[in-house]
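Asks: coords_23.tsv is the file, holding TSV, C-alpha atoms and all ligand atoms:
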chain	number	residue	atom	x	y	z
A	254	MET	CA	0.00	0.00	0.00
A	255	ARG	CA	1.20	3.50	-0.81
A	256	PHE	CA	0.53	6.47	1.51
A	257	HIS	CA	0.87	9.96	0.03
A	258	VAL	CA	0.97	12.60	2.78
A	259	LEU	CA	0.41	16.22	1.72
A	260	THR	CA	1.94	18.34	4.48
A	261	LEU	CA	3.93	21.43	5.43
A	262	PHE	CA	6.07	19.23	7.71
A	263	PRO	CA	7.22	16.23	5.64
A	264	ASP	CA	10.24	15.55	7.90
A	265	MET	CA	8.02	15.19	10.96
A	266	VAL	CA	5.85	12.58	9.22
A	267	ARG	CA	8.78	10.70	7.70
A	268	ARG	CA	10.80	10.57	10.92
A	269	GLY	CA	7.80	9.58	12.99
A	270	LEU	CA	6.99	6.61	10.78
A	271	GLN	CA	10.57	5.51	10.11
A	272	ALA	CA	10.90	4.11	13.62
A	273	SER	CA	9.48	0.82	14.79
A	274	ILE	CA	7.13	-1.47	12.89
A	275	THR	CA	6.02	0.98	10.20
A	276	GLY	CA	9.70	1.67	9.44
A	277	LYS	CA	10.35	-2.05	9.08
A	278	ALA	CA	7.28	-2.38	6.84
A	279	MET	CA	8.73	0.32	4.57
A	280	GLU	CA	12.12	-1.44	4.46
A	281	ASN	CA	10.35	-4.67	3.53
A	282	GLY	CA	8.38	-2.96	0.76
A	283	LEU	CA	5.01	-3.77	2.37
A	284	ILE	CA	4.09	-0.08	2.56
A	285	GLU	CA	5.43	3.01	0.81
A	286	LEU	CA	5.45	6.51	2.26
A	287	ASN	CA	5.47	9.43	-0.17
A	288	THR	CA	5.61	12.76	1.65
A	289	VAL	CA	4.73	15.80	-0.46
A	290	ASN	CA	5.69	19.26	0.79
A	291	ILE	CA	2.76	21.54	-0.03
A	292	ARG	CA	5.12	24.54	0.13
A	293	ASP	CA	6.96	23.21	-2.93
A	294	TYR	CA	3.81	24.00	-4.95
A	295	THR	CA	3.24	27.61	-3.97
A	296	LEU	CA	3.49	30.18	-6.77
A	297	ASP	CA	4.12	32.94	-4.21
A	298	ARG	CA	7.53	34.63	-4.40
A	299	HIS	CA	7.90	34.36	-0.63
A	300	LYS	CA	6.77	30.71	-0.56
A	301	LYS	CA	3.65	31.70	1.37
A	302	VAL	CA	0.87	29.07	1.50
A	303	ASP	CA	-1.65	30.83	3.77
A	304	ASP	CA	-3.64	34.06	3.86
A	305	TYR	CA	-6.25	35.90	5.96
A	306	PRO	CA	-9.77	34.48	6.10
A	307	TYR	CA	-12.43	36.30	4.08
A	308	GLY	CA	-14.99	37.70	6.51
A	309	GLY	CA	-12.37	38.21	9.19
A	310	GLY	CA	-11.59	36.21	12.29
A	311	ALA	CA	-8.54	34.80	13.99
A	312	GLY	CA	-5.77	32.88	12.30
A	313	MET	CA	-4.82	32.08	8.74
A	314	VAL	CA	-6.27	29.83	6.07
A	315	MET	CA	-4.28	27.46	3.86
A	316	GLN	CA	-4.81	28.56	0.27
A	317	ALA	CA	-6.38	26.33	-2.35
A	318	GLN	CA	-3.80	26.49	-5.15
A	319	PRO	CA	-0.72	24.87	-3.56
A	320	VAL	CA	-2.86	22.14	-1.97
A	321	TYR	CA	-4.57	21.41	-5.28
A	322	ASP	CA	-1.32	21.32	-7.25
A	323	ALA	CA	0.33	19.00	-4.69
A	324	TRP	CA	-2.71	16.68	-4.91
A	325	ARG	CA	-2.75	16.86	-8.73
A	326	THR	CA	0.91	15.78	-8.85
A	327	VAL	CA	0.14	12.64	-6.85
A	328	VAL	CA	-2.94	11.84	-8.96
A	329	THR	CA	-0.96	12.22	-12.18
A	330	ALA	CA	1.86	10.02	-10.84
A	331	VAL	CA	-0.44	7.15	-9.80
A	332	GLY	CA	-2.75	7.46	-12.82
A	333	TYR	CA	-6.08	7.58	-10.96
A	334	GLU	CA	-7.83	9.49	-8.14
A	335	PRO	CA	-7.25	7.55	-4.88
A	336	ARG	CA	-9.37	8.22	-1.80
A	337	CYS	CA	-8.19	11.47	-0.22
A	338	VAL	CA	-8.48	11.92	3.57
A	339	TYR	CA	-8.56	15.39	5.11
A	340	LEU	CA	-7.39	15.30	8.74
A	341	THR	CA	-9.54	17.67	10.75
A	342	PRO	CA	-11.22	17.79	14.18
A	343	GLN	CA	-14.45	18.36	12.18
A	344	GLY	CA	-14.16	14.93	10.55
A	345	ARG	CA	-15.73	11.54	11.24
A	346	ARG	CA	-14.12	9.81	14.19
A	347	PHE	CA	-11.41	7.32	13.17
A	348	ASP	CA	-11.88	3.77	14.44
A	349	GLN	CA	-10.74	0.20	13.78
A	350	LYS	CA	-13.51	-0.40	11.25
A	351	MET	CA	-12.42	2.65	9.25
A	352	ALA	CA	-8.78	1.50	9.42
A	353	LYS	CA	-9.82	-1.83	7.94
A	354	SER	CA	-11.72	-0.19	5.09
A	355	PHE	CA	-8.72	2.00	4.19
A	356	ALA	CA	-6.39	-1.02	4.39
A	357	GLY	CA	-8.05	-2.36	1.24
A	358	GLU	CA	-6.88	0.58	-0.89
A	359	ARG	CA	-3.91	0.52	-3.26
A	360	ASP	CA	-3.08	4.20	-2.58
A	361	LEU	CA	-4.29	6.66	0.04
A	362	ILE	CA	-3.78	10.42	0.02
A	363	LEU	CA	-3.69	12.15	3.43
A	364	LEU	CA	-4.05	15.93	3.55
A	365	CYS	CA	-2.71	17.56	6.73
A	366	GLY	CA	-4.33	20.89	7.52
A	367	HIS	CA	-2.72	23.68	9.50
A	368	TYR	CA	-3.59	27.16	10.74
A	369	GLU	CA	-7.34	27.69	11.14
A	370	GLY	CA	-8.10	25.42	8.22
A	371	VAL	CA	-7.94	24.94	4.47
A	372	ASP	CA	-9.89	26.88	1.82
A	373	GLU	CA	-13.18	24.99	1.55
A	374	ARG	CA	-13.18	25.05	-2.25
A	375	VAL	CA	-10.14	22.80	-2.63
A	376	LEU	CA	-11.56	20.46	0.01
A	377	GLU	CA	-14.76	20.16	-2.04
A	378	GLU	CA	-12.66	19.43	-5.10
A	379	ILE	CA	-10.31	16.70	-3.76
A	380	VAL	CA	-11.46	15.26	-0.38
A	381	SER	CA	-13.40	11.98	-0.24
A	382	ASP	CA	-13.22	11.45	3.57
A	383	SER	CA	-12.84	13.93	6.46
A	384	VAL	CA	-11.39	12.19	9.52
A	385	SER	CA	-10.73	13.15	13.14
A	386	ILE	CA	-8.78	10.97	15.60
A	387	GLY	CA	-10.67	12.09	18.70
A	388	ASP	CA	-12.32	14.90	20.60
A	389	TYR	CA	-9.40	17.20	21.27
A	390	VAL	CA	-7.70	19.81	19.12
A	391	LEU	CA	-4.16	19.40	17.75
A	392	THR	CA	-2.02	22.02	16.03
A	393	GLY	CA	-2.04	20.18	12.71
A	394	GLY	CA	-2.97	17.04	10.82
A	395	GLU	CA	0.50	15.45	10.88
A	396	LEU	CA	0.14	13.43	14.09
A	397	PRO	CA	-3.35	12.24	13.05
A	398	ALA	CA	-1.97	11.23	9.62
A	399	MET	CA	0.77	9.24	11.36
A	400	VAL	CA	-1.82	7.63	13.61
A	401	MET	CA	-3.85	6.58	10.56
A	402	VAL	CA	-0.83	5.23	8.65
A	403	ASP	CA	0.16	3.18	11.71
A	404	ALA	CA	-3.31	1.77	12.35
A	405	ILE	CA	-3.86	0.93	8.65
A	406	SER	CA	-0.38	-0.53	8.12
A	407	ARG	CA	-0.73	-3.09	10.90
A	408	MET	CA	-3.77	-4.55	9.11
A	409	ILE	CA	-1.68	-5.29	6.01
A	410	PRO	CA	-0.57	-8.94	5.81
A	411	GLY	CA	3.09	-9.39	6.79
A	412	VAL	CA	3.46	-6.11	8.68
A	413	LEU	CA	3.04	-7.74	12.09
A	414	ASN	CA	5.19	-10.80	12.76
A	415	ASN	CA	2.36	-12.64	14.48
A	416	GLU	CA	-0.65	-12.78	12.16
A	417	GLU	CA	-2.90	-13.90	15.01
A	418	SER	CA	-2.32	-10.69	16.93
A	419	VAL	CA	-4.16	-8.70	14.25
A	420	SER	CA	-7.48	-10.43	14.88
A	421	THR	CA	-7.50	-11.37	18.56
A	422	GLU	CA	-6.43	-8.16	20.22
A	423	SER	CA	-8.23	-5.11	21.54
A	424	LEU	CA	-11.43	-3.94	19.91
A	425	GLU	CA	-11.59	-6.60	17.20
A	426	GLY	CA	-14.03	-8.59	19.31
A	427	GLY	CA	-15.70	-5.36	20.46
A	428	LEU	CA	-14.07	-5.71	23.89
A	429	LEU	CA	-10.84	-4.40	25.40
A	430	GLU	CA	-7.94	-6.81	25.72
A	431	TYR	CA	-7.38	-8.91	28.84
A	432	PRO	CA	-4.28	-8.35	31.06
A	433	GLN	CA	-1.00	-10.03	30.02
A	434	TYR	CA	1.82	-11.42	32.16
A	435	SER	CA	5.31	-12.74	31.53
A	436	ARG	CA	8.17	-14.09	33.66
A	437	PRO	CA	8.87	-14.06	36.54
A	438	SER	CA	5.77	-15.65	38.08
A	439	GLU	CA	6.23	-13.43	41.15
A	440	TRP	CA	7.51	-9.84	41.03
A	441	ARG	CA	7.71	-7.48	44.02
A	442	GLY	CA	5.35	-9.76	45.88
A	443	ARG	CA	2.80	-9.82	43.07
A	444	ALA	CA	1.89	-13.24	41.71
A	445	VAL	CA	0.64	-13.97	38.20
A	446	PRO	CA	-3.03	-15.09	38.36
A	447	PRO	CA	-2.73	-18.85	39.08
A	448	VAL	CA	-5.13	-19.87	36.31
A	449	LEU	CA	-2.55	-18.73	33.74
A	450	LEU	CA	-0.02	-21.23	35.14
A	451	SER	CA	-2.57	-24.07	35.32
A	452	GLY	CA	-2.08	-25.33	31.77
A	453	ASN	CA	-5.86	-25.62	31.44
A	454	HIS	CA	-6.45	-23.94	28.10
A	455	GLN	CA	-10.23	-23.70	28.43
A	456	GLU	CA	-10.05	-22.14	31.89
A	457	VAL	CA	-7.46	-19.65	30.63
A	458	GLU	CA	-9.74	-18.65	27.75
A	459	GLU	CA	-12.73	-18.23	30.12
A	460	TRP	CA	-10.69	-16.13	32.54
A	461	ARG	CA	-9.42	-13.90	29.75
A	462	ARG	CA	-12.89	-13.36	28.32
A	463	GLU	CA	-14.18	-12.45	31.79
A	464	GLN	CA	-11.30	-10.01	32.32
A	465	SER	CA	-12.05	-8.43	28.92
A	466	VAL	CA	-15.71	-7.97	29.82
A	467	LEU	CA	-14.94	-6.44	33.24
A	468	ARG	CA	-12.22	-4.17	31.88
A	469	THR	CA	-14.57	-2.94	29.17
A	470	LEU	CA	-17.27	-2.33	31.78
A	471	ARG	CA	-14.82	-0.29	33.84
A	472	ASN	CA	-13.09	1.75	31.11
A	473	ARG	CA	-15.35	1.74	28.05
A	474	PRO	CA	-18.94	0.85	29.01
A	475	ASP	CA	-20.06	2.46	25.72
A	476	LEU	CA	-18.56	-0.53	23.86
A	477	LEU	CA	-20.63	-3.16	25.69
A	478	GLU	CA	-23.83	-2.55	23.73
A	479	GLU	CA	-22.19	-3.73	20.49
A	480	ALA	CA	-20.06	-6.48	22.04
A	481	GLY	CA	-22.57	-9.34	21.69
A	482	LEU	CA	-22.32	-10.64	25.25
A	483	SER	CA	-23.79	-13.95	26.34
A	484	LEU	CA	-26.47	-14.09	29.05
A	485	ARG	CA	-23.80	-15.42	31.42
A	486	GLU	CA	-21.58	-12.43	30.70
A	487	VAL	CA	-24.44	-9.99	31.23
A	488	LYS	CA	-25.05	-11.64	34.63
A	489	LEU	CA	-21.34	-11.27	35.43
A	490	ILE	CA	-21.63	-7.55	34.75
A	491	LEU	CA	-24.75	-7.22	36.89
A	492	ASP	CA	-22.96	-9.00	39.77
A	493	HIS	CA	-20.11	-6.52	39.55
A	494	LEU	CA	-22.43	-3.53	39.41
A	495	GLU	CA	-23.97	-4.65	42.71
A	496	GLU	CA	-20.58	-4.81	44.46
A	501	LIG	CL1	-7.44	15.04	12.35
A	501	LIG	N1	-6.60	17.37	13.30
A	501	LIG	C1	-6.40	18.26	14.29
A	501	LIG	N2	-5.80	19.42	14.01
A	501	LIG	N3	-6.78	18.04	15.54
A	501	LIG	C2	-7.37	16.87	15.78
A	501	LIG	C3	-7.60	15.90	14.82
A	501	LIG	C4	-7.20	16.19	13.55
A	501	LIG	N4	-8.20	14.85	15.39
A	501	LIG	C5	-8.35	15.17	16.65
A	501	LIG	N5	-7.86	16.37	16.91
Let me see whether you can do it: turn the structure in this file into structure tokens.
Replies:
Amino acid sequence: MRFHVLTLFPDMVRRGLQASITGKAMENGLIELNTVNIRDYTLDRHKKVDDYPYGGGAGMVMQAQPVYDAWRTVVTAVGYEPRCVYLTPQGRRFDQKMAKSFAGERDLILLCGHYEGVDERVLEEIVSDSVSIGDYVLTGGELPAMVMVDAISRMIPGVLNNEESVSTESLEGGLLEYPQYSRPSEWRGRAVPPVLLSGNHQEVEEWRREQSVLRTLRNRPDLLEEAGLSLREVKLILDHLEE
């Protein structure tokens, strides 16, 4: 999969994704990262890419022309119009389901906004999806673009070493992940839950499922409605609510 990130801070995006698993995925040719510096496309003598908002108000607006020309260059290079994501707090909230849908694309264009926003006319012209990564405001779309590239990349076959970990971990089953433990079996007086040392695979699975349900109840009760719990699991929740 090829990611094309339109940004004023290409180094930030490149350096952020070069580390760790996404970096390895690039080395292995499983993903490609093409950062495009929007400033390279300005026609302004002083390399300016923003201007005052019509109608007044605080801040500056990213102008349409350099954004459009940067986008057009990518479209011409790939030979078609890939989906184009605009990163903005006004967008649809990014989630695992959305990551999966983007993971099926050959190319994805990510447009990072800055200042108070981007001229609406170029957004109307090029954007297929407006996406936010959560209910807080960041200074620009670069970190959200990196978040999206990371979340999408790990769904691509071969990017994670353990294929199983893509499907069984957090949120895939609609529940949060259960707690994990490794050696030693006792650390600072804290023992690993004995069931995990029992060798009884079925009991381990039951314990983990129960832990997932209770953790979701505690931290993300909004997820429980969609989680498809059994009657037994609903009763478990009710017992804990009484305590
Ligand atoms: Cl996509 N952009 C900005 N600037 N802030 C955000 C965001 C995006 N998602 C959450 N906060």
Asks: For a cutoff of 12 Å around the file-coordinate point (-11.3, -14.6, 30.2), which residues qualify once you count all atoms listed in the file? I'd like the result as a PDB file with C-alpha atoms, keeping the file's coordinate frame.
Replies:
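And here is the file that came out, out_17.pdb:
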ATOM      1  CA  LEU A 428     -14.070  -5.710  23.890  1.00  0.00           C
ATOM      2  CA  LEU A 429     -10.840  -4.400  25.400  1.00  0.00           C
ATOM      3  CA  GLU A 430      -7.940  -6.810  25.720  1.00  0.00           C
ATOM      4  CA  TYR A 431      -7.380  -8.910  28.840  1.00  0.00           C
ATOM      5  CA  PRO A 432      -4.280  -8.350  31.060  1.00  0.00           C
ATOM      6  CA  GLN A 433      -1.000 -10.030  30.020  1.00  0.00           C
ATOM      7  CA  PRO A 446      -3.030 -15.090  38.360  1.00  0.00           C
ATOM      8  CA  VAL A 448      -5.130 -19.870  36.310  1.00  0.00           C
ATOM      9  CA  LEU A 449      -2.550 -18.730  33.740  1.00  0.00           C
ATOM     10  CA  HIS A 454      -6.450 -23.940  28.100  1.00  0.00           C
ATOM     11  CA  GLN A 455     -10.230 -23.700  28.430  1.00  0.00           C
ATOM     12  CA  GLU A 456     -10.050 -22.140  31.890  1.00  0.00           C
ATOM     13  CA  VAL A 457      -7.460 -19.650  30.630  1.00  0.00           C
ATOM     14  CA  GLU A 458      -9.740 -18.650  27.750  1.00  0.00           C
ATOM     15  CA  GLU A 459     -12.730 -18.230  30.120  1.00  0.00           C
ATOM     16  CA  TRP A 460     -10.690 -16.130  32.540  1.00  0.00           C
ATOM     17  CA  ARG A 461      -9.420 -13.900  29.750  1.00  0.00           C
ATOM     18  CA  ARG A 462     -12.890 -13.360  28.320  1.00  0.00           C
ATOM     19  CA  GLU A 463     -14.180 -12.450  31.790  1.00  0.00           C
ATOM     20  CA  GLN A 464     -11.300 -10.010  32.320  1.00  0.00           C
ATOM     21  CA  SER A 465     -12.050  -8.430  28.920  1.00  0.00           C
ATOM     22  CA  VAL A 466     -15.710  -7.970  29.820  1.00  0.00           C
ATOM     23  CA  LEU A 467     -14.940  -6.440  33.240  1.00  0.00           C
ATOM     24  CA  ARG A 468     -12.220  -4.170  31.880  1.00  0.00           C
ATOM     25  CA  GLU A 486     -21.580 -12.430  30.700  1.00  0.00           C
ATOM     26  CA  LEU A 489     -21.340 -11.270  35.430  1.00  0.00           C
TER      27      LEU A 489
END
Asks: Given only C-alpha atoms as the basis, pick out the residue of A:Gly442, A:Gly427, A:Pro447, A:Gly452 nearest to Leu482 of chain A.
Replies: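 Of all the options, A:Gly427 lies closest to Leu482 of chain A.
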Asks: Given only C-alpha atoms and all ligand atoms as the basis, pick out the residue of A:Lys488, A:Arg407, A:Lys350, A:His367 nearest to ligand LIG 501 (chain A).
Replies: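 Checking each candidate against ligand LIG 501 (chain A), we get A:His367 as the closest.
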Asks: Identify, counting only C-alpha atoms and all ligand atoms, the protein, DNA and RNA residues located within 10 Å of ligand LIG 501 (chain A), and give them as a ChimeraX atom specification.
Replies: /A:338-347,364-370,383-398,400-401
Asks: Choose the residue, out of A:Val371, A:Ile284, A:Ile362, A:Leu270, that has the smallest atom-to-atom separation from Pro306 of chain A; count only C-alpha atoms.
Replies: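 So, comparing all the options, the nearest one is A:Val371.
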Asks: Between A:Leu450, A:Ile379, A:Ala317, A:Leu476, which has the minimum distance to Pro437 of chain A (counting all atoms listed in the file)?
Replies: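 When distances to Pro437 of chain A are compared using all atoms listed in the file, the smallest one comes from A:Leu450.
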Asks: Which polymer residues, protein or nucleic acid, are no farther than 7 Å from (-14.3, 8.7, -1.6), counting only C-alpha atoms, as number ranges by chain?
Replies: A: 336-337, 381-382
Asks: Between atom CA of Phe262 of chain A and atom CA of Met399 of chain A, what is the distance in Å, rounded to a tenth?
Replies: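 Taking atom CA of Phe262 of chain A and atom CA of Met399 of chain A, their separation equals 11.9 Å.
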Asks: Hey, what's within 9 Å of Leu259 of chain A if we count all atoms listed in the file and toss same-chain stuff fewer than 2 positions away? As a list in words, please?
Replies: His257, Leu261, Phe262, Pro263, Asn287, Thr288, Val289, Asn290, Ile291, Val320, Ala323, Trp324, Ile362, Leu363, Leu364, Cys365 and Gly366 of chain A
Asks: For Tyr294 of chain A, please output as a list of chain:residue names all residues within 9 Å (counting only C-alpha atoms; exclusion window: fewer than 5 positions along the same chain).
Replies: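 With the cut-off at 9 Å, the set is A:Lys300, A:Val302, A:Gln318, A:Pro319, A:Val320, A:Tyr321, A:Asp322, A:Ala323.
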Asks: Using all atoms listed in the file, which of A:Glu280, A:Glu373, A:Glu479, A:Glu358 sits nearest Glu334 of chain A?
Replies: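 The shortest atom-to-atom distance to Glu334 of chain A comes from A:Glu358.
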Asks: Could you name the residues that touch Asn414 of chain A at 12 Å or less, counting only C-alpha atoms, but leaving out those on the same chain fewer than 5 positions away, as a PDB file with C-alpha atoms, in the coordinates of the input?
Replies:
ATOM      1  CA  ILE A 274       7.130  -1.470  12.890  1.00  0.00           C
ATOM      2  CA  LYS A 277      10.350  -2.050   9.080  1.00  0.00           C
ATOM      3  CA  ALA A 278       7.280  -2.380   6.840  1.00  0.00           C
ATOM      4  CA  ARG A 407      -0.730  -3.090  10.900  1.00  0.00           C
ATOM      5  CA  MET A 408      -3.770  -4.550   9.110  1.00  0.00           C
ATOM      6  CA  ILE A 409      -1.680  -5.290   6.010  1.00  0.00           C
ATOM      7  CA  VAL A 419      -4.160  -8.700  14.250  1.00  0.00           C
TER       8      VAL A 419
END
Asks: Write out as a compact mmCIF listing (two decimals) with C-alpha atoms, keeping the file's coordinate frame each polymer residue whose atoms come within 7 Å of Phe256 of chain A, counting only C-alpha atoms; drop sequence neighbours fewer than 2 positions from it.
Replies:
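Below is the file part_3.txt, written as the result:
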# COMPACT_ATOMS: atom_id res chain seq x y z
CA MET A 254 0.00 0.00 0.00
CA VAL A 258 0.97 12.60 2.78
CA GLU A 285 5.43 3.01 0.81
CA LEU A 286 5.45 6.51 2.26
CA ASN A 287 5.47 9.43 -0.17
CA ASP A 360 -3.08 4.20 -2.58
CA LEU A 361 -4.29 6.66 0.04
CA ILE A 362 -3.78 10.42 0.02
Asks: Name the closest residue to Ala356 of chain A among the candidates A:Val327, A:Leu494, A:Met265, A:Val402; distances are taken between atoms, counting all atoms listed in the file.
Replies: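 Looking only at the distances to Ala356 of chain A, the closest residue turns out to be A:Val402.
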Asks: Could I see segment 450-459 of chain A restored to all heavy atoms, set down as a PDB file, keeping the file's coordinate frame?
Replies:
ATOM      1  N   LEU A 450      -1.105 -20.252  34.993  1.00  0.00           N
ATOM      2  CA  LEU A 450      -0.020 -21.230  35.140  1.00  0.00           C
ATOM      3  C   LEU A 450      -0.581 -22.651  35.177  1.00  0.00           C
ATOM      4  O   LEU A 450       0.161 -23.616  35.290  1.00  0.00           O
ATOM      5  CB  LEU A 450       0.755 -20.960  36.444  1.00  0.00           C
ATOM      6  CG  LEU A 450       1.232 -19.520  36.663  1.00  0.00           C
ATOM      7  CD1 LEU A 450       1.931 -19.387  38.018  1.00  0.00           C
ATOM      8  CD2 LEU A 450       2.167 -19.073  35.543  1.00  0.00           C
ATOM      9  N   SER A 451      -1.916 -22.776  35.105  1.00  0.00           N
ATOM     10  CA  SER A 451      -2.570 -24.070  35.320  1.00  0.00           C
ATOM     11  C   SER A 451      -2.407 -25.013  34.148  1.00  0.00           C
ATOM     12  O   SER A 451      -2.532 -26.220  34.288  1.00  0.00           O
ATOM     13  CB  SER A 451      -4.071 -23.858  35.566  1.00  0.00           C
ATOM     14  OG  SER A 451      -4.696 -23.438  34.350  1.00  0.00           O
ATOM     15  N   GLY A 452      -2.164 -24.473  32.963  1.00  0.00           N
ATOM     16  CA  GLY A 452      -2.080 -25.330  31.770  1.00  0.00           C
ATOM     17  C   GLY A 452      -3.435 -25.744  31.249  1.00  0.00           C
ATOM     18  O   GLY A 452      -3.534 -26.459  30.248  1.00  0.00           O
ATOM     19  N   ASN A 453      -4.499 -25.299  31.893  1.00  0.00           N
ATOM     20  CA  ASN A 453      -5.860 -25.620  31.440  1.00  0.00           C
ATOM     21  C   ASN A 453      -6.314 -24.562  30.439  1.00  0.00           C
ATOM     22  O   ASN A 453      -6.747 -23.474  30.808  1.00  0.00           O
ATOM     23  CB  ASN A 453      -6.813 -25.687  32.643  1.00  0.00           C
ATOM     24  CG  ASN A 453      -8.209 -26.162  32.241  1.00  0.00           C
ATOM     25  OD1 ASN A 453      -8.672 -25.893  31.131  1.00  0.00           O
ATOM     26  ND2 ASN A 453      -8.859 -26.880  33.148  1.00  0.00           N
ATOM     27  N   HIS A 454      -6.227 -24.910  29.170  1.00  0.00           N
ATOM     28  CA  HIS A 454      -6.450 -23.940  28.100  1.00  0.00           C
ATOM     29  C   HIS A 454      -7.857 -23.346  28.154  1.00  0.00           C
ATOM     30  O   HIS A 454      -8.040 -22.138  27.969  1.00  0.00           O
ATOM     31  CB  HIS A 454      -6.191 -24.588  26.744  1.00  0.00           C
ATOM     32  CG  HIS A 454      -6.263 -23.627  25.607  1.00  0.00           C
ATOM     33  ND1 HIS A 454      -5.323 -22.616  25.419  1.00  0.00           N
ATOM     34  CD2 HIS A 454      -7.151 -23.481  24.602  1.00  0.00           C
ATOM     35  CE1 HIS A 454      -5.638 -21.912  24.361  1.00  0.00           C
ATOM     36  NE2 HIS A 454      -6.744 -22.409  23.835  1.00  0.00           N
ATOM     37  N   GLN A 455      -8.837 -24.190  28.415  1.00  0.00           N
ATOM     38  CA  GLN A 455     -10.230 -23.700  28.430  1.00  0.00           C
ATOM     39  C   GLN A 455     -10.452 -22.717  29.581  1.00  0.00           C
ATOM     40  O   GLN A 455     -11.083 -21.666  29.401  1.00  0.00           O
ATOM     41  CB  GLN A 455     -11.209 -24.861  28.532  1.00  0.00           C
ATOM     42  CG  GLN A 455     -12.656 -24.389  28.320  1.00  0.00           C
ATOM     43  CD  GLN A 455     -13.667 -25.515  28.512  1.00  0.00           C
ATOM     44  OE1 GLN A 455     -13.350 -26.685  28.267  1.00  0.00           O
ATOM     45  NE2 GLN A 455     -14.868 -25.160  28.961  1.00  0.00           N
ATOM     46  N   GLU A 456      -9.899 -23.056  30.756  1.00  0.00           N
ATOM     47  CA  GLU A 456     -10.050 -22.140  31.890  1.00  0.00           C
ATOM     48  C   GLU A 456      -9.340 -20.818  31.641  1.00  0.00           C
ATOM     49  O   GLU A 456      -9.823 -19.752  32.043  1.00  0.00           O
ATOM     50  CB  GLU A 456      -9.513 -22.783  33.181  1.00  0.00           C
ATOM     51  CG  GLU A 456     -10.517 -23.708  33.842  1.00  0.00           C
ATOM     52  CD  GLU A 456     -10.005 -24.226  35.189  1.00  0.00           C
ATOM     53  OE1 GLU A 456      -9.227 -23.497  35.842  1.00  0.00           O
ATOM     54  OE2 GLU A 456     -10.391 -25.355  35.555  1.00  0.00           O
ATOM     55  N   VAL A 457      -8.194 -20.880  30.975  1.00  0.00           N
ATOM     56  CA  VAL A 457      -7.460 -19.650  30.630  1.00  0.00           C
ATOM     57  C   VAL A 457      -8.316 -18.775  29.719  1.00  0.00           C
ATOM     58  O   VAL A 457      -8.467 -17.567  29.947  1.00  0.00           O
ATOM     59  CB  VAL A 457      -6.106 -19.977  29.946  1.00  0.00           C
ATOM     60  CG1 VAL A 457      -5.492 -18.718  29.337  1.00  0.00           C
ATOM     61  CG2 VAL A 457      -5.132 -20.606  30.945  1.00  0.00           C
ATOM     62  N   GLU A 458      -8.912 -19.410  28.694  1.00  0.00           N
ATOM     63  CA  GLU A 458      -9.740 -18.650  27.750  1.00  0.00           C
ATOM     64  C   GLU A 458     -10.937 -18.018  28.458  1.00  0.00           C
ATOM     65  O   GLU A 458     -11.290 -16.870  28.199  1.00  0.00           O
ATOM     66  CB  GLU A 458     -10.222 -19.544  26.604  1.00  0.00           C
ATOM     67  CG  GLU A 458      -9.133 -19.896  25.598  1.00  0.00           C
ATOM     68  CD  GLU A 458      -8.377 -18.667  25.085  1.00  0.00           C
ATOM     69  OE1 GLU A 458      -9.045 -17.707  24.647  1.00  0.00           O
ATOM     70  OE2 GLU A 458      -7.134 -18.641  25.154  1.00  0.00           O
ATOM     71  N   GLU A 459     -11.576 -18.762  29.377  1.00  0.00           N
ATOM     72  CA  GLU A 459     -12.730 -18.230  30.120  1.00  0.00           C
ATOM     73  C   GLU A 459     -12.323 -17.054  31.002  1.00  0.00           C
ATOM     74  O   GLU A 459     -13.019 -16.040  31.076  1.00  0.00           O
ATOM     75  CB  GLU A 459     -13.366 -19.345  30.968  1.00  0.00           C
ATOM     76  CG  GLU A 459     -14.208 -20.302  30.134  1.00  0.00           C
ATOM     77  CD  GLU A 459     -14.649 -21.545  30.924  1.00  0.00           C
ATOM     78  OE1 GLU A 459     -14.399 -21.609  32.157  1.00  0.00           O
ATOM     79  OE2 GLU A 459     -15.231 -22.448  30.289  1.00  0.00           O
TER      80      GLU A 459
END
